[in-house]
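Trainee: If you scroll down you'll find the structure; I have some questions about it.
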Amino acid sequence: MTSMEPFGARLRRAMDERGPLCVGIDPHASLLAEWGLNDDVAGLERFGRTVVEAVADRVAVMKPQSAFFERFGSRGVAVLETIVQEARAAGTLVVMDAKRGDIGSTMAGYAEAFLHKDAPLFSDALTVSPYLGYGSLSPAVALARESGAGLFVLALTSNPEGPEVQHAVRADGRTVGATMLAHLAAENAGEEPLGSFGAVVGATVGDLSSYDLVINGPLLAPGVGAQGATPADLPKVFGAALRNVVPNVSRGVLRHGPDVGALRASAERFAEEIQAAVFGA
Ligand SMILES: O=c1ccn([C@@H]2O[C@H](COP(=O)(O)O)[C@@H](O)[C@H]2O)c(=O)[nH]1
């Protein structure tokens, strides 16, 4: 397989050129209604294509939420394929938010679905769950390396229920979340300018001073906007790892649709606030 430049290098360049904002494509039923669209496949497609038209040529990353496409079965997945391909063709990197995780032999199938360069849903990176054990992700790590893609591993998620698992302390005294971060730092060791194996760390999680977020890889940070975090919170949460943070905003931008100009203006406002928070820090 001819491989692409590694995801980490492509992401670093995109963040340097366009800023780090990731805009989510989350076609909630309530947003389809607010946009005056039907809650059907045609509405889904119009929604997704409008978001791509508004921001794909200007933001570093877009993150479609697979759940809202899978909701419509095979026809929804077909729309997802179109959206991913159009967004990538417009110049943005696509992180597929599908949060896959399974025993290793099945994980290999999920990896083929999203990380094989000839797969209809090939994405620049995929969110994965390590809660069947980090080692169960090995087939995805291997295929991502081979095809120049990346992974974002759930480490410290933005939801209030996450800590009961992620802050749990293991027999060796480390928390589960810290262990995931350490695995990722090992994957990324020696990679320049940035490793391809990132962590999901919510912007809402508060004080992380006891965690080592410097993993030489990207940190996908959902939670800005609708979940209550603001760009100004980023320096406090991410500290020394701030320059590798990719803040995701979904509903905070999407609620401004369906007008393309209003979506674009909202993304630009978030991008400016994030730039000020990261580079003014
Ligand atoms: O810890 C996590 C992991 C993923 N997400 C996803 O990000 C977006 C957030 O959407 P908003 O509308 O900006 O709240 C959504 O797709 C989540 O599934 C997350 O929120 N937290």
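Naming scheme: A, B, ... for chains in displayed order of the structure tokens; residues 1 onward per chain; ligands 1 onward as shown.
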Quick one: everything within 10 Å of Ser123 (chain A), counting only C-alpha atoms, minus sequence neighbours fewer than 6 positions away in the same chain. Send it as a ChimeraX atom specification.

Mentor: /A:63,81,84-85,88,93-97,113-117,149-150

Trainee: If you count only C-alpha atoms, which residues fall within 10 Å of Tyr131 (chain A), apart from same-chain ones fewer than 5 positions away, as an MDAnalysis selection string?

Mentor: chainID A and resid 101:102 136:137 153:155 165:166 176 180

Trainee: For the residues selected in the previous step, produce a file with C-alpha atoms as a PDB file, in the first residue's frame.

Mentor:
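Resulting contents of selection-v9.pdb:
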```pdb
ATOM      1  CA  GLY A 101     -13.663  -0.616  20.331  1.00  0.00           C
ATOM      2  CA  ASP A 102     -13.839  -4.425  20.457  1.00  0.00           C
ATOM      3  CA  SER A 136      -7.175  -4.573  21.800  1.00  0.00           C
ATOM      4  CA  LEU A 137      -6.610  -1.480  19.628  1.00  0.00           C
ATOM      5  CA  VAL A 153      -8.250   7.277  21.981  1.00  0.00           C
ATOM      6  CA  LEU A 154     -10.847   8.124  24.640  1.00  0.00           C
ATOM      7  CA  ALA A 155      -8.787   9.077  27.688  1.00  0.00           C
ATOM      8  CA  VAL A 165     -13.883   4.758  34.880  1.00  0.00           C
ATOM      9  CA  GLN A 166     -11.145   7.132  33.768  1.00  0.00           C
ATOM     10  CA  VAL A 176      -6.900   4.443  34.011  1.00  0.00           C
ATOM     11  CA  MET A 180      -4.056   5.525  28.281  1.00  0.00           C
TER      12      MET A 180
END
```

Trainee: Taking only C-alpha atoms and all ligand atoms into account, produce a table as a Markdown table in which each residue of chain A with an atom at most 6 Å from an atom of ligand 1 appears once, together with its shortest atom pair and the distance in Å to one decimal, ordered by chain and rising number.

Mentor:
```
| residue | atom | partner | partner_atom_place_in_ligand_line | distance |
| --- | --- | --- | --- | --- |
| A:Asp26 | CA | ligand 1 | 16 (O) | 5.9 |
| A:Gln65 | CA | ligand 1 | 16 (O) | 4.9 |
| A:Thr157 | CA | ligand 1 | 1 (O) | 3.3 |
| A:Ser158 | CA | ligand 1 | 1 (O) | 3.9 |
| A:Asn159 | CA | ligand 1 | 1 (O) | 5.9 |
| A:Gly202 | CA | ligand 1 | 1 (O) | 5.2 |
| A:Pro222 | CA | ligand 1 | 7 (O) | 4.8 |
| A:Gly223 | CA | ligand 1 | 14 (O) | 5.3 |
| A:Val224 | CA | ligand 1 | 13 (O) | 5.9 |
| A:Gly225 | CA | ligand 1 | 13 (O) | 5.7 |
| A:Ala226 | CA | ligand 1 | 14 (O) | 4.8 |
| A:Gln227 | CA | ligand 1 | 14 (O) | 5.0 |
| A:Val249 | CA | ligand 1 | 13 (O) | 4.2 |
| A:Ser250 | CA | ligand 1 | 13 (O) | 3.7 |
| A:Arg251 | CA | ligand 1 | 12 (O) | 3.7 |
| A:Gly252 | CA | ligand 1 | 13 (O) | 5.9 |
```

Trainee: Suppose we keep C-alpha atoms; can you now write the selection as a CSV table (one decimal), in the first residue's frame?

Mentor:
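Resulting contents of again_23.csv:
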```csv
chain,number,residue,atom,x,y,z
A,26,ASP,CA,-23.7,16.5,14.2
A,65,GLN,CA,-20.6,12.2,14.4
A,157,THR,CA,-13.9,12.3,28.1
A,158,SER,CA,-16.0,15.5,28.4
A,159,ASN,CA,-19.1,13.8,30.0
A,202,GLY,CA,-12.7,17.0,27.2
A,222,PRO,CA,-14.7,18.3,22.7
A,223,GLY,CA,-16.9,20.3,25.1
A,224,VAL,CA,-16.4,23.9,23.9
A,225,GLY,CA,-19.8,25.6,23.2
A,226,ALA,CA,-22.9,23.6,24.1
A,227,GLN,CA,-21.3,21.6,26.9
A,249,VAL,CA,-17.2,22.7,18.5
A,250,SER,CA,-20.4,21.1,17.1
A,251,ARG,CA,-23.7,22.5,18.3
A,252,GLY,CA,-22.1,25.9,19.2
```

Trainee: Taking into account only C-alpha atoms, which residue in the set A:Ser129, A:Thr204, A:Ser196, A:Ser209 is nearest to Gly228 (chain A)?

Mentor: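 Ranking A:Ser129, A:Thr204, A:Ser196, A:Ser209 by distance to Gly228 (chain A), first place goes to A:Thr204.
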
Trainee: Mind pulling up the distance from CA of Phe122 (chain A) to CA of Phe47 (chain A)?

Mentor: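 So the two atoms, CA of Phe47 (chain A) and CA of Phe122 (chain A), lie 20.7 Å apart.
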
Trainee: If you take only C-alpha atoms and a cut-off of 10 Å, which residues of region 226-278 of chain A touch region 213-221 of chain A, and what are their nearest atom pairs and distances in Å to one decimal, in chain and number order, as a Markdown table?

Mentor:
```
| residue | atom | partner | partner_atom | distance |
| --- | --- | --- | --- | --- |
| A:Ala229 | CA | A:Ala221 | CA | 10.0 |
| A:Leu234 | CA | A:Ala221 | CA | 8.9 |
| A:Val237 | CA | A:Leu213 | CA | 9.8 |
| A:Phe238 | CA | A:Leu213 | CA | 7.2 |
| A:Gly239 | CA | A:Leu213 | CA | 8.4 |
| A:Ala240 | CA | A:Val214 | CA | 7.0 |
| A:Ala241 | CA | A:Val214 | CA | 5.3 |
| A:Leu242 | CA | A:Leu219 | CA | 8.7 |
| A:Arg243 | CA | A:Pro218 | CA | 8.7 |
| A:Asn244 | CA | A:Pro218 | CA | 4.9 |
| A:Val245 | CA | A:Leu219 | CA | 4.7 |
| A:Val246 | CA | A:Leu220 | CA | 4.8 |
| A:Pro247 | CA | A:Ala221 | CA | 4.5 |
| A:Asn248 | CA | A:Ala221 | CA | 5.7 |
| A:Val249 | CA | A:Ala221 | CA | 8.8 |
```

Trainee: What is the CA of His167 (chain A)-CA of Val200 (chain A) distance in Å, reported with one decimal?

Mentor: 14.3 Å

Trainee: Smallest atom-to-atom distance to Ile25 (chain A): which of A:Glu192, A:Asp233, A:Glu53, A:Asp259, using only C-alpha atoms?

Mentor: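 Distance minimum relative to Ile25 (chain A) lands on A:Glu53.
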
Trainee: I'd like to know which of A:Leu208, A:Gly36, A:Val51, A:Ser30 is closest to Leu254 (chain A), using only C-alpha atoms.

Mentor: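 Result for the nearest residue to Leu254 (chain A): A:Val51.
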